[in-house]
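Below is one structure, written out as C-alpha cells; comments come after it.
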Amino acid sequence: MKKLGKYLSIVCTICLMISPISSVNAKTNEELLEYEISELEYFKELKSQTNEELISKGMTPDQIKYIKNFDLISELQERAKLSNEQLKVMGYSDNDIKQLRVSLSKKNINEDEIIKEIRGATLNLVLGSAIASKSKYTFNYSFRWSSCPIFIQDDLLAATWSATGSNGSPVNVAINKSSSFLTVKYKSTGGAPNMKDTTYKWNPIHEYRAAKIQFDMGYNMGSGMSYWTYYGSGKLVLDAVVSNTIYEVYLKFGYGHSVVTGTPSVSFSGSGPSIGMSFGWTTQNEETYSVRYRYDGHKVS
C-alpha cells in the first residue's frame, strides 16, 4: 500500500483529569492507562458498514468504492510470499508466519475467516509516568505496533486540554513547544534504506487548547521492500501562562491510524470537562477513560 489516495483512521483516545492540589511536584512511575486496537478488526468493521452509513461519516462515492473493493486477501498473499527473515523483521513470529500461510492456502477462504485466524497488527498506546504541579503538567506516552500494519502512510497524535484554577474559573495553559516531542523508531525490510530515529515536534492548533503531530508511519516500495514505524515515545508538556494557577487539567489524547491513504485530519470542540476530539472519517467508537491524581501521585478516582 503506497502513499496515495484517500484517508480513514483507526482512533483510540484516552481522557484524563489531573488535579494537583499543592505546588509540590507529583510523580507516579506506574502505568496510567493503556489501550489496544486491531487494524484488521477495524478494517472489517469499516467494510461491513452500508454506503449510507459511510456517507454519513463524510465519505464520497469514490472513497466508498475504494474501501469496498479493497482486496485484503491479495494484500496478505503478497506478504506471505516474503521470506521468513523478512517477515520476522516485520514483527511476525514463527507461529504467525505458519498461520498466515496455512490460512491463505485454504480454498475459498474469505476476509472474515482470515481476520479471525491470523494475528494482524495491533497498536498498543500507553500513558506512563505523570508529573503535575500548579504551574506545569507533563506526561510521558508511548505506542508500539505488534507487527508491520497493512496500511503504512502518515499517522497522527493529537491532544486537547482545558484547565481551571482553585475557584473553578478557566486558566490558560499552553503547550511547551521546546519540551514536547515524539521520537519514532523504524525498521527496514527487503533491502529498503535504513531509517534513523526521527523526532517530531507538536504543532499547536489552538494556543491554549489543542495540538497535534503528523508523522511518517512508513512506506511500502513493493517486493518486500519497506520501512515501518514499530515504536514511538515522547512527552507532552503543558505550562500555566500565569505561574502557580492550575488546580485541575482535563486532557484528551488520541492516536489516528490511516487505514486508507492521504493526509490525516483532526478537529477539536468543547471546553472544560466536555472537551472533544474527532479524527477525520473515523467509524470506531472512541474509548475514553477518566482518572484523577493528587500532587503525591496517588490516584483518587
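Within each chain, counting starts at residue 1; across the C-alpha cells, chains are named A, B, ... in the order shown, with ligands numbered 1 upward in that order.
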Please report as a Markdown table every residue of region 131-203 of chain A lying within 12 Å of region 57-76 of chain A, along with the nearest atom pair and their distance in Å (one decimal), using only C-alpha atoms.
| residue | atom | partner | partner_atom | distance |
| --- | --- | --- | --- | --- |
| A:Cys148 | CA | A:Leu76 | CA | 11.8 |
| A:Pro149 | CA | A:Leu76 | CA | 10.8 |
| A:Ile150 | CA | A:Glu75 | CA | 7.6 |
| A:Phe151 | CA | A:Glu75 | CA | 10.0 |
Residues of region 141-200 of chain A in strand (DSSP E), written as a ChimeraX atom specification: /A:141-145,154-164,173-175,181-189,198-200
All helix (DSSP H, G or I) positions in region 38-285 of chain A, as a PyMOL selection string: chain A and resi 39-48+51-56+61-69+72-80+84-89+94-104+111-117+272-274
Writer output for current selection, C-alpha atoms, as a PDB file, in the first residue's frame:
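out.pdb written:
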ATOM      1  CA  GLU A  39      -6.044  -2.842  12.445  1.00  0.00           C
ATOM      2  CA  LEU A  40      -7.778  -5.793  10.760  1.00  0.00           C
ATOM      3  CA  GLU A  41     -10.756  -5.795  13.124  1.00  0.00           C
ATOM      4  CA  TYR A  42     -11.291  -2.125  12.397  1.00  0.00           C
ATOM      5  CA  PHE A  43     -10.986  -2.733   8.650  1.00  0.00           C
ATOM      6  CA  LYS A  44     -13.645  -5.466   8.948  1.00  0.00           C
ATOM      7  CA  GLU A  45     -15.955  -3.121  10.850  1.00  0.00           C
ATOM      8  CA  LEU A  46     -15.452  -0.356   8.313  1.00  0.00           C
ATOM      9  CA  LYS A  47     -16.078  -2.560   5.293  1.00  0.00           C
ATOM     10  CA  SER A  48     -19.244  -4.040   6.819  1.00  0.00           C
ATOM     11  CA  ASN A  51     -22.966   3.013   1.872  1.00  0.00           C
ATOM     12  CA  GLU A  52     -25.438   5.216   3.724  1.00  0.00           C
ATOM     13  CA  GLU A  53     -23.525   4.815   6.986  1.00  0.00           C
ATOM     14  CA  LEU A  54     -20.234   5.658   5.298  1.00  0.00           C
ATOM     15  CA  ILE A  55     -21.758   8.661   3.539  1.00  0.00           C
ATOM     16  CA  SER A  56     -22.968   9.902   6.928  1.00  0.00           C
ATOM     17  CA  PRO A  61     -18.870   7.583  -3.528  1.00  0.00           C
ATOM     18  CA  ASP A  62     -15.307   7.100  -4.878  1.00  0.00           C
ATOM     19  CA  GLN A  63     -13.934   6.611  -1.387  1.00  0.00           C
ATOM     20  CA  ILE A  64     -16.670   4.115  -0.546  1.00  0.00           C
ATOM     21  CA  LYS A  65     -15.954   2.205  -3.737  1.00  0.00           C
ATOM     22  CA  TYR A  66     -12.254   2.120  -2.862  1.00  0.00           C
ATOM     23  CA  ILE A  67     -12.748   0.650   0.600  1.00  0.00           C
ATOM     24  CA  LYS A  68     -15.460  -1.798  -0.531  1.00  0.00           C
ATOM     25  CA  ASN A  69     -13.271  -3.088  -3.360  1.00  0.00           C
ATOM     26  CA  LEU A  72      -7.294  -7.669   1.767  1.00  0.00           C
ATOM     27  CA  ILE A  73      -6.600 -11.297   0.872  1.00  0.00           C
ATOM     28  CA  SER A  74      -4.476 -10.266  -2.127  1.00  0.00           C
ATOM     29  CA  GLU A  75      -2.505  -7.908   0.104  1.00  0.00           C
ATOM     30  CA  LEU A  76      -1.901 -10.720   2.597  1.00  0.00           C
ATOM     31  CA  GLN A  77      -0.965 -13.165  -0.170  1.00  0.00           C
ATOM     32  CA  GLU A  78       1.743 -10.768  -1.346  1.00  0.00           C
ATOM     33  CA  ARG A  79       3.034 -10.529   2.201  1.00  0.00           C
ATOM     34  CA  ALA A  80       3.012 -14.322   2.643  1.00  0.00           C
ATOM     35  CA  ASN A  84      10.723 -15.871   6.841  1.00  0.00           C
ATOM     36  CA  GLU A  85      13.575 -13.482   7.575  1.00  0.00           C
ATOM     37  CA  GLN A  86      11.704 -10.554   6.029  1.00  0.00           C
ATOM     38  CA  LEU A  87       8.505 -11.396   7.892  1.00  0.00           C
ATOM     39  CA  LYS A  88      10.359 -11.662  11.204  1.00  0.00           C
ATOM     40  CA  VAL A  89      11.773  -8.162  10.688  1.00  0.00           C
ATOM     41  CA  ASP A  94       7.330 -18.363  13.597  1.00  0.00           C
ATOM     42  CA  ASN A  95       3.749 -19.233  14.596  1.00  0.00           C
ATOM     43  CA  ASP A  96       2.396 -16.068  12.947  1.00  0.00           C
ATOM     44  CA  ILE A  97       4.182 -16.925   9.691  1.00  0.00           C
ATOM     45  CA  LYS A  98       2.908 -20.509   9.729  1.00  0.00           C
ATOM     46  CA  GLN A  99      -0.680 -19.436  10.455  1.00  0.00           C
ATOM     47  CA  LEU A 100      -0.609 -16.765   7.742  1.00  0.00           C
ATOM     48  CA  ARG A 101       0.442 -19.249   5.084  1.00  0.00           C
ATOM     49  CA  VAL A 102      -1.812 -22.070   6.305  1.00  0.00           C
ATOM     50  CA  SER A 103      -4.844 -19.767   6.332  1.00  0.00           C
ATOM     51  CA  LEU A 104      -4.129 -18.386   2.865  1.00  0.00           C
ATOM     52  CA  GLU A 111     -11.878 -11.943   4.578  1.00  0.00           C
ATOM     53  CA  ASP A 112     -13.949 -12.531   7.717  1.00  0.00           C
ATOM     54  CA  GLU A 113     -12.451 -16.002   8.161  1.00  0.00           C
ATOM     55  CA  ILE A 114      -8.873 -14.933   7.666  1.00  0.00           C
ATOM     56  CA  ILE A 115      -9.235 -11.982  10.058  1.00  0.00           C
ATOM     57  CA  LYS A 116     -10.365 -14.490  12.709  1.00  0.00           C
ATOM     58  CA  GLU A 117      -7.475 -16.858  12.023  1.00  0.00           C
ATOM     59  CA  GLY A 272     -13.755  22.178  30.439  1.00  0.00           C
ATOM     60  CA  PRO A 273     -14.597  18.514  31.107  1.00  0.00           C
ATOM     61  CA  SER A 274     -16.549  18.453  27.824  1.00  0.00           C
TER      62      SER A 274
END
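The shell of residues at most 12 Å from Lys185 (chain A), with only C-alpha atoms counted and near chain neighbours (fewer than 4 positions) removed, consists of A:Ser142, A:Phe143, A:Arg144, A:Trp145, A:Asn194, A:Met195, A:Lys196, A:Asp197, A:Thr198, A:Thr199, A:Tyr200, A:Phe215, A:Asp216, A:Met217, A:Gly218, A:Tyr227, A:Trp228, A:Thr229, A:Tyr230, A:Tyr231, A:Gly232, A:Ser233, A:Gly234.
Minimum atom-to-atom distances from A:Asn203, A:Ser38, A:Gln153, A:Ser226 to Ser178 (chain A) were compared using only C-alpha atoms, and the lowest value belongs to A:Asn203.
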Length of the CA of Ile246 (chain A) to CA of Thr183 (chain A) vector [Å]: 28.2 Å
Residue among A:Pro193, A:Ile109, A:His257, A:Tyr137 lying closest to Ile175 (chain A), counting only C-alpha atoms: A:Tyr137
Which residue of A:Leu182, A:Leu123, A:Ile37, A:Ile205 approaches Val237 (chain A) most closely, using only C-alpha atoms: A:Leu182
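As for CA of Val171 (chain A) and CA of Thr138 (chain A), they are spaced 16.6 Å apart.
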